Amino acid sequence: MSSLDVAAIKADFPIFQKRMRNDARLVYLDSGATSQKPAQVLEAERFFYTHHNAAAHRGSHLLAEEASTAYEGARATIAAFIGADSDEVIFTKSATESINLIAYSFSNTQVAPFVLTAGDEILVSEMEHHANLIPWQQLAKRTGAVIRWFSVTADGRLDLSNIDQLINERTKIVAITHQSNVLGTIPPVALITSKAHAVGAIVVLDACQSAPHFPMNVVELDVDFVAFSGHKMLGPTGVGVLWGRASLLAKMEPFLFGGSMIETVTMEGATWASAPRKFEAGVPNMAQAVGLAAAIDYLTNIGMSKIHQHETELTQYALDTLQTIKGLNIFGPLDTIDRGGVISFALEGIHPHDAGQVLDQYGVAVRTGHHCAWPLMRKYGVAGTTRASLYLYNDRSDIDALAEAITATQKYFKVS
Amino acid sequence: MSSLDVAAIKADFPIFQKRMRNDARLVYLDSGATSQKPAQVLEAERFFYTHHNAAAHRGSHLLAEEASTAYEGARATIAAFIGADSDEVIFTKSATESINLIAYSFSNTQVAPFVLTAGDEILVSEMEHHANLIPWQQLAKRTGAVIRWFSVTADGRLDLSNIDQLINERTKIVAITHQSNVLGTIPPVALITSKAHAVGAIVVLDACQSAPHFPMNVVELDVDFVAFSGHKMLGPTGVGVLWGRASLLAKMEPFLFGGSMIETVTMEGATWASAPRKFEAGVPNMAQAVGLAAAIDYLTNIGMSKIHQHETELTQYALDTLQTIKGLNIFGPLDTIDRGGVISFALEGIHPHDAGQVLDQYGVAVRTGHHCAWPLMRKYGVAGTTRASLYLYNDRSDIDALAEAITATQKYFKVS
Amino acid sequence: MELDSLYQEVILDHYKHPLHKGLSDEKSVQVHHVNPSCGDEITLNLIFEGDVVQDVTWDGVGCSISQASASIMSDLVHGKSVEQAFLALDAFSELMSSKGSIKGDDAILEDGVALAGVSKFPARVKCALLGWMAFKDAALQAREKEQK
Amino acid sequence: MELDSLYQEVILDHYKHPLHKGLSDEKSVQVHHVNPSCGDEITLNLIFEGDVVQDVTWDGVGCSISQASASIMSDLVHGKSVEQAFLALDAFSELMSSKGSIKGDDAILEDGVALAGVSKFPARVKCALLGWMAFKDAALQAREKEQK
Ligand SMILES: Cc1ncc(COP(=O)(O)O)c(C=O)c1O
Ligand SMILES: Cc1ncc(COP(=O)(O)O)c(C=O)c1O
């Protein structure tokens, strides 16, 4: 029995009233790409625009004051959600920007621990999303540093056998996902972090697939930076978060330059405000920050632990159900230990793109392709996978619909 | 007589129903900082979320297809608005990001005309917004290039007397505002551009204060890059535009790295998609792009020429009205020739911050301070100004309310 | 079902029994194209003689649409002059961007008209174009080479 | 009018006739602080003797709130021990973040309680704090110097 009242939750999300192709209901199993939005979030954005819209921190009039309060209130909400101080929370446009911000700040900053030199190592894993891989490749290119990586085992776990070679005194950055967006795998972050810190490396956690799904506390995690996106956790598009350890943010040079991030400016140069302001140049994405805070209120009202429990049960059900289908092979762990609700699979004789197309005819929305994790696809020797990803508004009926549609797909392509 | 039906326009903007301090109506004269939003824009965003929300370009299911169509449709709308090709339009989070994107791409790109070396010159003006100044200071710092600038004359025009020294064979970039956000001044962009191109320099136009207010065509302008923000032109927060000449975008290295901007990826390196995709890493700000397109539809339905004419008439009325107030001194041009609806002024004996505070008691929302143009403040020897900025929803009654509130402010501080 | 307009029998046949698949040893030009959004790839060998497409062979991974389309294309351009081949290419591109409004001329496109239904699925148009764009690229490169 | 709670007569008096404005020639420490959002600036000279604030002088541009607050602060800390001065500073910070919920203790803050109304205008809190933060910075720097 699920611990969530999914019917009540679903009723909060207007998009579920939409009819899909062939008048099918929407079976949304693509939350790993982006989540749907409850009316509460849409209403919070709208209310900001219709009652408080003005440029935050830039005027003495009532609306500007209210806009500032709303924006900083959103920051406080996000800080509380991850157990951080408000001043450590930076609003970006996306997790992608958050990670690029760190990588560019490394280039811009001339003091330890931000200085990289030739031969220094940046450690990632073979299951990283492109967003947590290419910025580091580029930083390596700019500095002469070298990219190294954890391999992935056949059953979809990080290969830790050579961890003590991989994390060594040359290691300056360890950038790792908190949960694979392809396999659902949750790597041993505590182990990796303690070894990384032992050699003085900075740990960057890509929390895109974790922050939406289970309770998270940056103090307990003990990492140095955490990045995630609002749109994957019921929030609006166009807003992401970067959390950074205060002592590091204080030393870090800014990334984007412009209004509101300065202390003084002359024609020849400028000095910077303190964090988080110095990392937020320009009129900020205020409505999106406010919308994200409403999303977080929505999630915490339900309870992140309950959401996690619900998803774990549903993942187990999905794993069990899918394994009964002949010709279906799951990539990644087959149990729910250190694993979230993202399930990638292959259908023998059917290309993922074709599978996704037929599933779509039944209203079943999955993602197909390389999921921005191309190196992982190469590792498994496939061009892509079909991926179902779960969230709080899914229930067993969605898994059943998926299974039925898969069977129909196999019939359609005459492979069963 | 105004050419616009301002009452009808105002009715489209829900925020004007809000009561301000002391139950005053909202006299919004801070559109230079950010504009208000019509219901049509809010509805377009909401409709996207409730009917098409999915990750664009990342799935074969119906919602993903619709999200892609909506997002690319928004791009086409913006392209048409500025007379560009769709592939030349890049969505960013803000004009600030747009300008930083160019500046960083200069560092990342190793082919002409993007290579800057020590002694090369970047030309700006003394009236630039920090967003069109600091990114160039930083680029100069990274490359050894030198920042030079047009001075501003006492009456708020660009000093062109030394233009032929300023634009010389060392000039590689000319970054100039299309309209000052403090003075309203519109610099002679055509003249500057032709001289810049004659020496092979690239021209970057900061169109934050122009794109919202008058018709713009990138082909006629003949500049190389144009940056503007959605939130100043009735659009949502969190979306900006960068237009770039196709031949330059093709040569330019990306700025942000991650998903959706790649061609292929291995653990060691990656290659890029073509423009505009290569400049849009990550799940994009889809709802905001769609909202901005709705804002542009709203503006074009009314007609940019009519909006411009309305604002010019209103600016003249405001200049005339404000000049009747004793102890009020206007910064910048006193006529409407090459000048938009941004009016900065000083009140003798009253600090701008105090003035803004009293105006606020009458529902009059203006901006006070340095307006992110600190060097210009220094030039005029002031800590800040009080600024009224106009838009299509303002009319003479707003100017009258401003004038009355100014008089009341002077009484309050006993300076008249 | 709407789907049948996408997955015509002809397409599934080409998918299961693709023509000219498997790379020739010789080639005038070889190109490699990818579809970055899904990871599909094609390698294409073109043999030119004078102005005539002597042979097109290809290999790669992809969905039924991309594989069938590559198969149809390679058979269609075989033995044609570049001019003729490019006419077919233009006709095919037009068909793909038609959003279902045209049927395609089977005198020009032969089996290619079976892909008309793809144009109603915008996300799949790129699949259908993958092989054709590879051919176009190869032909242009070959021509450039000759002119040198 | 709500405004009168912000612009108390005492404040306007200090604004028009600021105390200790004009920098002393001597100083133990000089600091320069700005309010980046509005451009207001203050330069502050602090003369320390032992643990006692011998003199505070300042100069700068700013709104009535920031000028009056600097004037009140400089008069208040004059002749106090660092401990006493920091007590006042803490009391003033608390008052500023109170959103109008407290009145402030005039035994500690003297004229400073006239600024209580500022706490209802969040955008102006920074104005009122500018001089105080400059003093705090200067006092900490002076103490550090002495310990060296
Ligand atoms: C002239 C000018 N340039 C650049 C900007 C920066 O725009 P944004 O803060 O939306 O990035 C602004 C507005 O703040 C502006 O007025
Ligand atoms: C694990 C992971 N990292 C990073 C990202 C990038 O997030 P965004 O595209 O929102 O910037 C994603 C999602 O696409 C992801 O799943």
# chains A, B, ... in the order shown; residues from 1 in each chain; ligands from 1
>>> calpha_fit_and_write(fixed="chain C", moving="chain D", output="CSV table (one decimal) with C-alpha atoms, in the first residue's frame")
chain,number,residue,atom,x,y,z
D,1,MET,CA,-4.2,3.7,-35.9
D,2,GLU,CA,-2.4,7.0,-36.7
D,3,LEU,CA,0.8,5.0,-36.2
D,4,ASP,CA,0.2,3.1,-39.4
D,5,SER,CA,0.8,6.2,-41.4
D,6,LEU,CA,4.2,6.3,-39.9
D,7,TYR,CA,5.1,2.7,-40.0
D,8,GLN,CA,4.0,1.7,-43.5
D,9,GLU,CA,4.7,-1.9,-44.4
D,10,VAL,CA,7.3,-0.7,-47.0
D,11,ILE,CA,9.2,0.9,-44.2
D,12,LEU,CA,9.3,-2.1,-41.9
D,13,ASP,CA,10.4,-4.2,-44.9
D,14,HIS,CA,13.3,-1.8,-45.6
D,15,TYR,CA,14.1,-1.8,-41.9
D,16,LYS,CA,14.3,-5.6,-41.8
D,17,HIS,CA,16.1,-6.0,-45.1
D,18,PRO,CA,18.0,-2.8,-45.7
D,19,LEU,CA,19.5,-2.2,-49.2
D,20,HIS,CA,23.1,-1.3,-49.7
D,21,LYS,CA,23.9,-1.7,-46.0
D,22,GLY,CA,27.5,-2.7,-45.4
D,23,LEU,CA,30.3,-0.5,-46.4
D,24,SER,CA,32.1,-0.9,-49.8
D,25,ASP,CA,35.9,-1.3,-49.7
D,26,GLU,CA,36.4,1.5,-52.2
D,27,LYS,CA,35.0,5.0,-51.9
D,28,SER,CA,35.4,8.4,-53.4
D,29,VAL,CA,34.3,10.0,-50.1
D,30,GLN,CA,33.3,8.7,-46.7
D,31,VAL,CA,31.1,10.7,-44.2
D,32,HIS,CA,29.9,10.0,-40.7
D,33,HIS,CA,26.8,11.7,-39.5
D,34,VAL,CA,25.0,11.5,-36.1
D,35,ASN,CA,21.7,12.5,-34.8
D,36,PRO,CA,22.8,14.2,-31.6
D,37,SER,CA,19.4,14.1,-29.9
D,38,CYS,CA,19.1,10.3,-30.0
D,39,GLY,CA,22.5,9.0,-30.7
D,40,ASP,CA,21.8,7.4,-34.1
D,41,GLU,CA,24.8,7.2,-36.4
D,42,ILE,CA,25.4,6.5,-40.1
D,43,THR,CA,28.6,6.1,-42.1
D,44,LEU,CA,28.2,6.4,-45.8
D,45,ASN,CA,30.6,5.6,-48.7
D,46,LEU,CA,30.0,7.2,-52.0
D,47,ILE,CA,31.6,6.2,-55.3
D,48,PHE,CA,31.4,8.8,-58.0
D,49,GLU,CA,32.3,8.4,-61.6
D,50,GLY,CA,32.2,11.6,-63.6
D,51,ASP,CA,28.9,13.1,-62.5
D,52,VAL,CA,27.2,9.8,-61.7
D,53,VAL,CA,26.6,8.1,-58.4
D,54,GLN,CA,28.2,4.8,-59.0
D,55,ASP,CA,27.5,3.3,-55.6
D,56,VAL,CA,26.3,4.3,-52.2
D,57,THR,CA,26.8,2.0,-49.3
D,58,TRP,CA,26.3,2.7,-45.6
D,59,ASP,CA,26.3,1.3,-42.1
D,60,GLY,CA,25.0,2.5,-38.8
D,61,VAL,CA,22.6,2.2,-36.0
D,62,GLY,CA,19.2,3.8,-35.9
D,63,CYS,CA,15.5,3.4,-35.6
D,64,SER,CA,13.3,1.9,-38.3
D,65,ILE,CA,12.6,5.3,-39.8
D,66,SER,CA,16.3,6.2,-40.2
D,67,GLN,CA,17.3,2.8,-41.4
D,68,ALA,CA,14.5,2.5,-43.9
D,69,SER,CA,15.1,6.0,-45.1
D,70,ALA,CA,18.8,5.3,-45.7
D,71,SER,CA,17.9,2.1,-47.5
D,72,ILE,CA,15.4,3.8,-49.7
D,73,MET,CA,17.7,6.8,-50.4
D,74,SER,CA,20.7,4.6,-51.3
D,75,ASP,CA,18.7,2.6,-53.7
D,76,LEU,CA,17.1,5.7,-55.2
D,77,VAL,CA,20.3,7.7,-56.0
D,78,HIS,CA,22.2,4.6,-57.3
D,79,GLY,CA,23.1,5.3,-60.9
D,80,LYS,CA,21.7,8.8,-61.0
D,81,SER,CA,23.5,11.9,-61.9
D,82,VAL,CA,24.1,14.4,-59.1
D,83,GLU,CA,21.5,16.7,-60.6
D,84,GLN,CA,18.9,14.0,-60.5
D,85,ALA,CA,19.9,12.8,-57.1
D,86,PHE,CA,19.7,16.4,-55.7
D,87,LEU,CA,16.2,16.8,-57.3
D,88,ALA,CA,15.1,13.7,-55.3
D,89,LEU,CA,16.7,15.1,-52.2
D,90,ASP,CA,14.9,18.4,-52.6
D,91,ALA,CA,11.6,16.6,-53.1
D,92,PHE,CA,12.2,14.5,-50.1
D,93,SER,CA,13.1,17.5,-47.9
D,94,GLU,CA,10.0,19.2,-49.0
D,95,LEU,CA,7.9,16.2,-48.2
D,96,MET,CA,9.4,16.0,-44.7
D,97,SER,CA,8.6,19.6,-43.9
D,98,SER,CA,5.1,19.3,-45.3
D,99,LYS,CA,3.4,18.3,-42.0
D,100,GLY,CA,1.3,15.8,-43.8
D,101,SER,CA,0.0,18.3,-46.4
D,102,ILE,CA,1.5,16.6,-49.5
D,103,LYS,CA,1.9,13.0,-50.5
D,104,GLY,CA,5.2,13.1,-52.5
D,105,ASP,CA,5.7,12.2,-56.2
D,106,ASP,CA,6.4,8.5,-56.5
D,107,ALA,CA,7.9,9.0,-59.9
D,108,ILE,CA,10.7,10.9,-58.2
D,109,LEU,CA,10.8,9.4,-54.8
D,110,GLU,CA,9.7,5.8,-55.4
D,111,ASP,CA,9.6,4.0,-52.1
D,112,GLY,CA,10.4,7.3,-50.4
D,113,VAL,CA,6.7,8.4,-50.5
D,114,ALA,CA,6.1,5.7,-47.9
D,115,LEU,CA,7.8,8.1,-45.5
D,116,ALA,CA,5.3,10.8,-46.1
D,117,GLY,CA,3.6,10.0,-42.7
D,118,VAL,CA,6.8,10.9,-40.9
D,119,SER,CA,6.2,14.6,-41.6
D,120,LYS,CA,3.3,14.5,-39.2
D,121,PHE,CA,5.7,13.6,-36.4
D,122,PRO,CA,8.1,16.5,-36.2
D,123,ALA,CA,10.4,14.6,-33.8
D,124,ARG,CA,11.0,11.9,-36.4
D,125,VAL,CA,11.8,14.1,-39.3
D,126,LYS,CA,15.4,14.2,-38.3
D,127,CYS,CA,15.5,10.3,-38.3
D,128,ALA,CA,14.2,10.2,-41.9
D,129,LEU,CA,16.7,12.9,-43.0
D,130,LEU,CA,19.8,11.4,-41.4
D,131,GLY,CA,20.8,9.2,-44.5
D,132,TRP,CA,19.8,11.9,-47.0
D,133,MET,CA,21.9,14.6,-45.3
D,134,ALA,CA,24.9,12.2,-45.1
D,135,PHE,CA,24.5,11.6,-48.9
D,136,LYS,CA,24.2,15.3,-49.6
D,137,ASP,CA,27.3,16.1,-47.5
D,138,ALA,CA,29.2,13.3,-49.3
D,139,ALA,CA,28.2,14.4,-52.8
D,140,LEU,CA,29.2,18.0,-52.1
D,141,GLN,CA,32.5,16.9,-50.7
D,142,ALA,CA,33.1,14.6,-53.7
D,143,ARG,CA,32.3,17.4,-56.1
D,144,GLU,CA,34.7,19.8,-54.3
D,145,LYS,CA,37.4,17.2,-54.4
D,146,GLU,CA,37.0,16.9,-58.1
D,147,GLN,CA,37.2,20.6,-58.7
D,148,LYS,CA,40.5,20.8,-57.0
>>> residues_around(residues="Gln165 of chain A", least_positions_apart="2", cutoff="12 Å", atoms="only C-alpha atoms", output="count of residues only")
17
>>> residues_near_ligand(ligand="ligand 1", cutoff="10 Å", atoms="only C-alpha atoms and all ligand atoms", output="count of residues only")
60
>>> select_by_dssp(residues="segment 29-69 of chain C", states="helix (DSSP H, G or I)", output="list in words")
Ser64, Ile65, Ser66, Gln67, Ala68 and Ser69 of chain C
>>> interface_residues(of="chain A", to="chain C", cutoff="9 Å", atoms="only C-alpha atoms", output="number ranges by chain")
A: 21-22, 350-354, 357-358, 361, 368-372, 374, 377, 382-384, 413
>>> closest_residue(among="A:Phe331, A:Phe255, A:Tyr71, A:Tyr393", to="chain B", atoms="only C-alpha atoms")
A:Phe255
>>> atom_distance(atom1="atom CA of Ile192 of chain B", atom2="atom CA of Asp159 of chain B")
11.9 Å
>>> closest_residue(among="B:Asp360, B:Glu263, B:Asp155, B:Asp23", to="chain A", atoms="only C-alpha atoms")
B:Asp360
